[in-house]
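Asker: This is the structure I have questions about; it appears just below.
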Amino acid sequence: MRAIRVAPLALLGASALTLLAPSAAHAAPPDGATSTFNPTITPSVIAPGGRVTLGAGGCTGETTVTSGIFDTTTIPSGSTTATATIDTDARRGAVYAVTFACGSTGTSRNVNLTITGGATSTPTPTPTTVPTASSTALVPGGVRGGLGGSSGTTDTVEVAAGAALVATAAAGALYFARRRTADRRH
């Protein structure tokens, strides 16, 4: 009879550990290194001639950024970002590797940068018409959906806080389950 009461608690604990396992694995650096160096490029898809922001999160020293589609850029020590202008002759639709080398840790990481395939031009305003009762307005395309803020890196502090909340919930459930069985014995 006691095993029947403990089974839901064991299932709850196993479920919590299963949900935490992917988050803990995702928190590790991309190449298995112990460094917290996490380079970024914003935006990750850009047209030739556009400007990107290069980020060197986790590197406390000078970071050198190299690629075949912009001049070598240095992110100075004490700063976390710099900007670079993409060459106007970058091949449309191509994906280029951008190499970030952190001087303080000696770590080097690659981040992909995609060049847009469409033509770049200054958008020209199109006249808008107000539909009448007898006409139907046609939308030229659907809504462009994206990942928004749902993708990105997992912060170690967030993972630790989540693990602490799960552990607290499991401990609370165990406490109340034991208290309930102790009350029934008397």
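To be explicit about the labels: the chains of the structure tokens are called A, B, and onward in the order shown, and within each one the residues are counted from 1, while ligands get numbers from 1 in the order they are shown.
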Which residues are near Gly50 in chain A? Cut-off 9 Å, only C-alpha atoms, ignore same chain within fewer than 6 positions. Put them as a ChimeraX atom specification.

Answerer: /A:84-88

Asker: Do a neighbour search on Thr42 in chain A at 9 Å with only C-alpha atoms, toss out local chain neighbours closer than 2 positions, and write the hits as a PyMOL selection string.

Answerer: chain A and resi 40+44-46+51-55

Asker: Could you state the separation of CA of Ser77 in chain A and CA of Asp155 in chain A in Å, given to one decimal place?

Answerer: 22.4 Å

Asker: Please report the interatomic distance between CA of Asn110 in chain A and CA of Arg92 in chain A in Å with one decimal.

Answerer: 20.0 Å

Asker: Using only C-alpha atoms, can you tell me which of A:Cys59, A:Ala47, A:Ile75, A:Val166 comes closest to Arg91 in chain A?

Answerer: A:Ala47
